[in-house]
Every structure is written in structure tokens, then in C-alpha cells.
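Peer 1: Contents of final-v2.cif (mmCIF, C-alpha atoms) are below:
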```cif
data_query
#
loop_
_atom_site.label_atom_id
_atom_site.label_comp_id
_atom_site.auth_asym_id
_atom_site.auth_seq_id
_atom_site.Cartn_x
_atom_site.Cartn_y
_atom_site.Cartn_z
CA MET G 175 140.73 239.44 266.81
CA VAL G 176 137.83 241.69 266.01
CA HIS G 177 136.41 239.03 263.75
CA THR G 178 136.49 236.47 266.53
CA SER G 179 134.73 238.89 268.83
CA LEU G 180 132.05 239.40 266.18
CA ASP G 181 131.39 235.68 266.29
CA VAL G 182 131.00 235.87 270.05
CA VAL G 183 128.58 238.78 269.64
CA ASP G 184 126.46 236.71 267.27
CA GLU G 185 126.46 233.85 269.74
CA LYS G 186 125.25 236.14 272.49
CA ILE G 187 122.50 237.63 270.36
CA SER G 188 121.07 234.27 269.41
CA ALA G 189 121.29 233.12 273.02
CA MET G 190 119.43 236.22 274.22
CA GLY G 191 116.38 235.28 272.17
CA LYS G 192 113.53 234.55 274.53
CA ALA G 193 115.13 235.65 277.74
CA LEU G 194 114.81 239.07 279.29
CA VAL G 195 116.47 241.27 276.73
CA ASP G 196 118.50 244.31 277.47
CA GLN G 197 119.47 246.09 274.30
CA ARG G 198 122.80 247.02 275.66
CA GLU G 199 125.11 244.11 275.88
CA LEU G 200 128.22 244.70 277.83
CA TYR G 201 130.59 241.88 278.11
CA LEU G 202 134.18 241.18 278.92
CA GLY G 203 135.80 238.79 276.57
CA LEU G 204 139.37 237.76 277.13
CA LEU G 205 139.83 236.11 273.79
CA TYR G 206 143.44 235.03 274.02
CA PRO G 207 144.97 234.38 277.41
CA THR G 208 148.30 235.70 276.24
CA GLU G 209 147.13 239.03 274.95
CA ASP G 210 145.60 241.24 277.56
CA TYR G 211 142.88 243.05 275.75
CA LYS G 212 139.31 243.55 276.86
CA VAL G 213 136.65 243.54 274.20
CA TYR G 214 133.23 245.13 274.69
CA GLY G 215 130.25 244.69 272.44
CA TYR G 216 127.06 246.68 271.89
CA VAL G 217 124.22 245.89 269.53
CA THR G 218 121.58 248.32 268.30
CA ASN G 219 118.04 247.55 267.24
CA SER G 220 119.16 247.90 263.66
CA LYS G 221 121.60 245.05 264.16
CA VAL G 222 124.58 247.34 263.99
CA LYS G 223 127.39 246.06 266.15
CA PHE G 224 129.95 248.22 267.88
CA VAL G 225 133.10 246.54 269.11
CA MET G 226 135.55 248.28 271.41
CA VAL G 227 138.99 246.91 272.15
CA VAL G 228 140.69 248.20 275.27
CA ASP G 229 144.17 247.60 276.58
CA SER G 230 143.95 245.76 279.89
CA SER G 231 146.64 247.89 281.46
CA ASN G 232 144.08 250.69 281.50
CA THR G 233 142.21 249.56 284.59
CA ALA G 234 140.63 252.95 285.21
CA LEU G 235 137.82 252.33 282.76
CA ARG G 236 134.61 251.57 284.60
CA ASP G 237 131.43 249.91 283.45
CA ASN G 238 129.37 253.09 283.20
CA GLU G 239 132.14 254.85 281.32
CA ILE G 240 132.07 252.13 278.69
CA ARG G 241 128.28 252.41 278.55
CA SER G 242 128.42 256.15 278.01
CA MET G 243 131.04 255.73 275.30
CA PHE G 244 128.79 253.30 273.50
CA ARG G 245 125.86 255.67 273.90
CA LYS G 246 127.87 258.47 272.32
CA LEU G 247 128.91 256.16 269.51
CA HIS G 248 125.29 255.19 268.91
CA ASN G 249 124.20 258.83 268.82
CA SER G 250 126.92 259.79 266.37
CA TYR G 251 126.13 256.80 264.20
CA THR G 252 122.46 257.85 264.13
CA ASP G 253 123.50 261.32 263.04
CA VAL G 254 125.56 259.83 260.22
CA MET G 255 122.55 257.77 259.11
CA CYS G 256 120.40 260.88 258.96
CA ASN G 257 122.85 262.66 256.71
CA PRO G 258 121.18 262.78 253.27
CA PHE G 259 124.54 262.46 251.54
CA TYR G 260 125.26 259.20 253.27
CA ASN G 261 124.09 255.94 251.72
CA PRO G 262 123.54 253.22 254.30
CA GLY G 263 126.15 250.50 253.89
CA ASP G 264 128.95 252.77 252.72
CA ARG G 265 132.11 253.41 254.64
CA ILE G 266 131.56 256.26 257.06
CA GLN G 267 133.44 259.34 255.94
CA SER G 268 131.86 261.91 258.19
CA ARG G 269 134.43 264.19 259.78
CA ALA G 270 132.13 264.89 262.72
CA PHE G 271 131.91 261.18 263.47
CA ASP G 272 135.68 260.75 263.21
CA SER G 273 136.42 263.71 265.48
CA MET G 274 133.95 262.43 268.08
CA VAL G 275 135.60 259.02 268.09
CA THR G 276 139.09 260.51 268.29
CA SER G 277 138.17 262.82 271.17
CA MET G 278 136.64 259.87 273.03
CA MET G 279 139.80 257.82 272.62
CA ILE G 280 142.01 260.72 273.72
CA GLN G 281 139.88 261.18 276.84
CA VAL G 282 140.50 257.61 277.84
CA CYS G 283 144.22 257.34 277.21
CA MET K 6 99.76 271.31 266.11
CA ALA K 7 102.16 273.31 263.99
CA ASP K 8 104.61 270.48 263.35
CA ALA K 9 102.05 268.18 261.79
CA ALA K 10 100.83 270.89 259.43
CA LEU K 11 104.38 271.59 258.24
CA PHE K 12 104.93 268.04 257.10
CA GLU K 13 101.47 267.83 255.51
CA PHE K 14 102.04 270.98 253.45
CA LEU K 15 105.52 269.85 252.42
CA HIS K 16 104.20 266.46 251.39
CA THR K 17 101.35 267.99 249.38
CA GLU K 18 103.82 270.24 247.58
CA MET K 19 106.12 267.29 246.86
CA VAL K 20 103.31 265.42 245.15
CA ALA K 21 102.12 268.49 243.26
CA GLU K 22 105.66 269.30 242.11
CA LEU K 23 106.30 265.82 240.77
CA TRP K 24 103.04 265.82 238.85
CA ALA K 25 103.36 269.37 237.51
CA HIS K 26 106.48 268.66 235.47
CA HIS K 27 105.20 265.53 233.86
CA SER K 28 106.86 265.11 230.50
CA ASP K 29 105.12 261.76 230.09
CA PRO K 30 101.57 261.92 231.40
CA GLY K 31 100.93 258.30 230.49
CA PRO K 32 101.11 255.36 232.92
CA GLY K 33 104.90 255.09 232.46
CA GLY K 34 105.54 258.61 233.73
CA GLN K 35 103.10 258.11 236.58
CA LYS K 36 105.00 255.06 237.75
CA MET K 37 108.24 257.04 237.64
CA SER K 38 106.84 259.73 239.93
CA LEU K 39 105.33 257.18 242.27
CA SER K 40 108.65 255.38 242.60
CA VAL K 41 110.48 258.67 243.18
CA LEU K 42 108.09 259.39 246.05
CA GLU K 43 108.48 255.88 247.38
CA GLY K 44 112.26 256.18 247.19
CA MET K 45 112.16 259.42 249.20
CA GLY K 46 110.02 257.77 251.83
CA PHE K 47 112.42 254.83 251.91
CA ARG K 48 115.47 256.98 252.72
CA VAL K 49 113.54 258.86 255.42
CA GLY K 50 112.34 255.57 256.85
CA GLN K 51 115.91 254.26 256.97
CA ALA K 52 117.04 257.24 259.03
CA LEU K 53 113.97 257.07 261.31
CA GLY K 54 114.56 253.35 261.80
CA GLU K 55 117.91 254.25 263.29
CA ARG K 56 116.84 257.19 265.42
CA LEU K 57 113.45 256.23 266.84
CA PRO K 58 114.24 252.89 268.49
CA GLN K 59 117.34 254.26 270.18
CA GLU K 60 115.97 254.13 273.69
CA THR K 61 113.73 251.09 273.31
CA LEU K 62 114.72 247.58 274.21
CA ALA K 63 115.67 245.13 271.51
CA PHE K 64 112.87 243.69 269.39
CA ARG K 65 112.42 240.05 270.06
CA GLU K 66 110.42 239.15 266.98
CA GLU K 67 108.83 240.43 263.79
CA LEU K 68 105.53 241.21 265.45
CA ASP K 69 107.31 243.52 267.91
CA VAL K 70 108.76 245.46 264.99
CA LEU K 71 105.33 245.80 263.38
CA LYS K 72 103.84 246.96 266.65
CA PHE K 73 106.64 249.50 266.91
CA LEU K 74 105.67 250.77 263.44
CA CYS K 75 102.02 251.07 264.38
CA LYS K 76 102.66 252.84 267.64
CA ASP K 77 105.95 254.71 267.84
CA LEU K 78 106.59 255.43 264.16
CA TRP K 79 103.03 256.51 263.42
CA VAL K 80 102.90 258.71 266.51
CA ALA K 81 106.22 260.32 265.63
CA VAL K 82 105.21 261.13 262.06
CA PHE K 83 101.43 261.51 262.23
CA GLN K 84 100.75 262.18 265.93
CA LYS K 85 98.39 259.24 266.17
CA GLN K 86 98.59 255.48 266.36
CA MET K 87 97.61 253.06 263.64
CA ASP K 88 94.04 251.94 264.13
CA SER K 89 94.41 248.25 263.45
CA LEU K 90 97.04 245.65 262.70
CA ARG K 91 96.16 242.25 261.30
CA THR K 92 98.33 239.37 260.21
CA ASN K 93 98.02 235.96 258.69
CA HIS K 94 101.05 234.86 260.72
CA GLN K 95 102.76 233.92 257.50
CA GLY K 96 104.57 237.12 256.75
CA THR K 97 101.72 239.35 255.65
CA TYR K 98 100.50 242.24 257.76
CA VAL K 99 97.71 244.70 257.08
CA LEU K 100 97.92 248.03 258.84
CA GLN K 101 94.75 250.07 258.75
CA ASP K 102 94.40 253.75 259.46
CA ASN K 103 90.82 254.99 259.64
CA SER K 104 91.63 258.65 259.35
CA PHE K 105 94.96 258.94 257.60
CA PRO K 106 96.24 262.50 258.17
CA LEU K 107 97.55 262.92 254.62
CA LEU K 108 94.14 262.07 253.17
CA ILE K 109 91.83 263.54 255.73
CA ARG K 110 91.93 267.08 254.35
CA MET K 111 90.89 265.93 250.91
CA ALA K 112 87.51 264.33 251.10
CA SER K 113 85.40 261.86 252.96
CA GLY K 114 84.15 259.02 250.86
CA LEU K 115 84.77 258.14 247.26
CA GLN K 116 85.66 261.51 245.82
CA TYR K 117 89.30 261.74 244.64
CA LEU K 118 89.77 257.99 244.90
CA GLU K 119 92.05 257.93 241.83
CA GLU K 120 94.28 260.65 243.28
CA ALA K 121 94.80 258.84 246.57
CA PRO K 122 97.72 256.55 245.52
CA LYS K 123 99.94 259.59 244.87
CA PHE K 124 99.56 260.60 248.48
CA LEU K 125 100.32 257.15 249.81
CA ALA K 126 103.52 256.38 247.90
CA PHE K 127 105.79 258.33 250.26
CA THR K 128 104.32 256.61 253.31
CA CYS K 129 104.74 253.16 251.73
CA GLY K 130 108.40 253.96 251.24
CA LEU K 131 108.60 255.21 254.81
CA LEU K 132 107.35 251.90 256.17
CA ARG K 133 109.65 249.91 253.87
CA GLY K 134 112.68 252.01 254.83
CA THR K 135 112.12 251.67 258.56
CA LEU K 136 111.62 247.92 258.22
CA SER K 137 114.79 247.63 256.19
CA THR K 138 116.92 249.36 258.84
CA LEU K 139 115.45 247.02 261.44
CA GLY K 140 116.56 244.06 259.35
CA ILE K 141 113.33 243.14 257.56
CA LYS K 142 113.07 243.10 253.80
CA SER K 143 109.54 243.80 252.71
CA LEU K 144 107.18 244.97 250.04
CA VAL K 145 104.66 247.63 251.04
CA THR K 146 101.56 248.54 249.08
CA ALA K 147 98.64 250.74 249.96
CA SER K 148 95.00 250.60 249.09
CA VAL K 149 92.09 252.93 249.65
CA ALA K 150 88.48 251.83 249.65
CA SER K 151 87.08 255.13 250.77
CA LEU K 152 88.87 258.20 252.07
CA PRO K 153 90.26 258.79 254.61
CA THR K 154 90.54 255.13 255.53
CA CYS K 155 93.51 253.37 254.00
CA LYS K 156 95.28 250.07 254.40
CA PHE K 157 98.98 249.38 254.10
CA GLN K 158 99.87 245.84 253.24
CA VAL K 159 103.33 244.68 254.31
CA VAL K 160 104.61 241.44 252.84
CA ILE K 161 107.84 240.15 254.35
CA GLN K 162 110.31 238.92 251.75
CA LYS K 163 112.01 235.78 252.91
CA THR K 164 115.46 235.48 251.34
#
```
Would you write the structure of this file as C-alpha cells?

Peer 2:
Amino acid sequence: MVHTSLDVVDEKISAMGKALVDQRELYLGLLYPTEDYKVYGYVTNSKVKFVMVVDSSNTALRDNEIRSMFRKLHNSYTDVMCNPFYNPGDRIQSRAFDSMVTSMMIQVC
Amino acid sequence: MADAALFEFLHTEMVAELWAHHSDPGPGGQKMSLSVLEGMGFRVGQALGERLPQETLAFREELDVLKFLCKDLWVAVFQKQMDSLRTNHQGTYVLQDNSFPLLIRMASGLQYLEEAPKFLAFTCGLLRGTLSTLGIKSLVTASVASLPTCKFQVVIQKT
């Protein structure tokens, strides 16, 4: 499911092209009518894509909450990049990053 | 400005340190040290390429990325903008700095011309690293005709 959403993200990026570009792309993609999941995408200038899958039964999540979650994710990812022991392209093994993500998920559920 | 001086001193020490422990003073050893410096700049550039554009809007094309390098990156690292950016519109860009901060303390003119490349290697790597995070593979070389003016040539590698 995540792979399909990645394809949609790529579509959106290439469509954005010449038009007014907002770096933050927030979209609602109901990929399969049977499964009720909402998928949000966010692309950074370094072409890193964040995909968030949310259970539709959680209707309390608002637009700006999703945006702030993505912003936090972006900040933590930047911190991981700046870690001299981290080689870009590797799997992220930073405990700080993991704990930030976990605390964000707990907040929402 | 205190911050600028800190980086300049650190950079000068880095170069001095690499050259002090030269086991092979010939051209082979020189190349080794230059590529170590360039590699350091590359890793720093990669991290900066992630952090600096965080609040900016997405880059629409290559030229935007180069302009970002000349303005935002240069201001962040050297507290000044690049003086000129030229391109042949076929993947080659020449960035010129008329008073490069890492060279300006040394001399004005042709003195120390042979020493200049050592002090440019790190910055070449910096440019290459930032470009690589932003999705552009490139080759960066620097040339000095007379201090403290220097030119950085960026050639985009099309894969």
C-alpha cells in the first residue's frame, strides 16, 4: 500500500512542475475503497518522501496537526543527517529519531 | 564577526594538519590530502543541504538550486553572497567569488598561488555535497587566477 502511495507522490511531484509550488504537499488518498486508511505525503527539497498512514476511524486528526507532525519528522530527519556517524542512504538507527516518532504516534492514538 | 573567524581558523588548522604529517610529499600524497579535505567538505555539504533549505519552497529547476548555493549557502558559511554566477546552459556553471574569505587573509595578487588549491578543496567538497543532497550529481573544481578571487566550476553529471 505504501508502494502504491509512493507512485502517487511521484505523479504529484511531476505534475507540480511549473505551477505554483508549495513544498509541503498534503493530500488525502483513499487508495482502496474497501480499506479505510488515509495516506498523507510530504516531500522535502532533498527529494526525501515521508508517507504517513492513518486509520480513518481516527477522525480527530486535523490538517494542521498532520502538518506539524510532518514538520517534526523533517526536523528529526535533518538532525539524523547531521550526525557524523550516519552515512546518508543507510537505515536510520538513531534512538532519538525512533523515540520522537513513537511519542508522536502515542500522542495521536 | 566571531563565528566567521572560528571556521576560518579551524579550516586553516585542518589544512596545516594534513600537510604537516605528510609521509609522501610527492604529488601522490598531495592528492590524498586534497581528496581527504574534499571528502570532509562533501559530508558537511550533505548535512547543510538537508538543513538549510528546510523553510524554503521547493526548487523548480537546476538554476534555482545554483542560485540557492550562491545566495543562501554562501551567506550561511561565509557571511557573503557569491559575486557572480555564469552558465553555458548545458550543465556547466562558473561561480566566482571576488574576495573569498578563506583566501583573503593570505595575500592579494599572485603570491602564494601554488598554495591556494589546498584552501579550496574543502569548499569544492562542500558545494558537491550540498548539490548531491539536493539531487544533483556534479563535479566541482576550483581555480585561482589571482588571490583572493577564485572561481568554482560546477559540471553537472548526467547519468

Peer 1: Can you work out which one of K:Ile161, K:Leu144, K:Met87, K:Ala52 has the shortest atom-to-atom distance to Tyr260 of chain G, counting only C-alpha atoms?

Peer 2: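 Checking each candidate against Tyr260 of chain G, we get K:Ala52 as the closest.
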
Peer 1: Which value, in Å to one decimal, gives the distance between atom CA of Leu152 of chain K and atom CA of Gln116 of chain K?

Peer 2: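 Atom CA of Leu152 of chain K sits 7.8 Å away from atom CA of Gln116 of chain K.
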
Peer 1: Which of these residues is nearest to chain G, using only C-alpha atoms: K:Tyr117, K:Trp24, K:Tyr98, K:Phe64?

Peer 2: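 The closest residue to chain G is K:Phe64.
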
Peer 1: Taking the file as I've supplied it (selection: the PyMOL selection byres ((chain G and resi 225) around 7)), which residues are included? Please answer as a ChimeraX atom specification.

Peer 2: /G:213-216,223-224,226-227

Peer 1: Ranking G:Gln267, G:Pro258, G:Asp229, G:Met278 by minimum distance to Ser242 of chain G and counting all atoms listed in the file, which one comes first?

Peer 2: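 Of G:Gln267, G:Pro258, G:Asp229, G:Met278, the one nearest Ser242 of chain G is G:Met278, counting all atoms listed in the file.
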
Peer 1: What do you get, as a PyMOL selection string, if you spell out every residue that the PyMOL selection byres ((chain K and resi 149) around 12) selects here?

Peer 2: chain K and resi 100-105+108+113-125+146-148+150-158

Peer 1: If we count only C-alpha atoms, what is near Ser38 of chain K at a cut-off of 8 Å, once residues fewer than 3 positions away on the same chain are taken out, given as a list in words?

Peer 2: Leu23, Trp24, Gly34, Gln35, Val41 and Leu42 of chain K

Peer 1: Could you please select, counting all atoms listed in the file, the residues of chain K within 7 Å of chain G and state them as a PDB file with C-alpha atoms, in the frame of the given file?

Peer 2:
```pdb
ATOM      1  CA  ALA K  52     117.040 257.240 259.030  1.00  0.00           C
ATOM      2  CA  GLU K  55     117.910 254.250 263.290  1.00  0.00           C
ATOM      3  CA  ARG K  56     116.840 257.190 265.420  1.00  0.00           C
ATOM      4  CA  PRO K  58     114.240 252.890 268.490  1.00  0.00           C
ATOM      5  CA  LEU K  62     114.720 247.580 274.210  1.00  0.00           C
ATOM      6  CA  ALA K  63     115.670 245.130 271.510  1.00  0.00           C
ATOM      7  CA  PHE K  64     112.870 243.690 269.390  1.00  0.00           C
ATOM      8  CA  ARG K  65     112.420 240.050 270.060  1.00  0.00           C
ATOM      9  CA  THR K 138     116.920 249.360 258.840  1.00  0.00           C
ATOM     10  CA  LEU K 139     115.450 247.020 261.440  1.00  0.00           C
ATOM     11  CA  GLY K 140     116.560 244.060 259.350  1.00  0.00           C
TER      12      GLY K 140
END
```

Peer 1: Between atom CA of Ala270 of chain G and atom CA of Ser250 of chain G, what is the spacing in Å?

Peer 2: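 Those two atoms sit 8.2 Å apart.
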
Peer 1: When you look at Ala9 of chain K with a cut-off of 9 Å (counting only C-alpha atoms), what residues show up, excluding the ones that are within fewer than 4 positions of it in the same chain? I need them as a ChimeraX atom specification.

Peer 2: /K:13-14,82-84,106

Peer 1: What's the separation between atom CA of His94 of chain K and atom CA of Phe127 of chain K, in Å to one decimal place?

Peer 2: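 Atom-to-atom, atom CA of His94 of chain K to atom CA of Phe127 of chain K, that is 26.1 Å.
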
Peer 1: Write out as a ChimeraX atom specification which residues come within 10 Å of Val275 of chain G when counting only C-alpha atoms, dropping same-chain ones fewer than 3 positions away.

Peer 2: /G:243,246-247,250,269-272,278-281

Peer 1: When distances are computed from all atoms listed in the file, which of K:Ile141, K:Leu15, K:Asp8, K:Met111 shows the smallest separation from Leu68 of chain K?

Peer 2: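 For Leu68 of chain K, the nearest of the candidates is K:Ile141.
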
Peer 1: Let me know the residues the PyMOL selection byres ((chain K and resi 75) around 10) catches in the file above, as a count of residues only.

Peer 2: 21
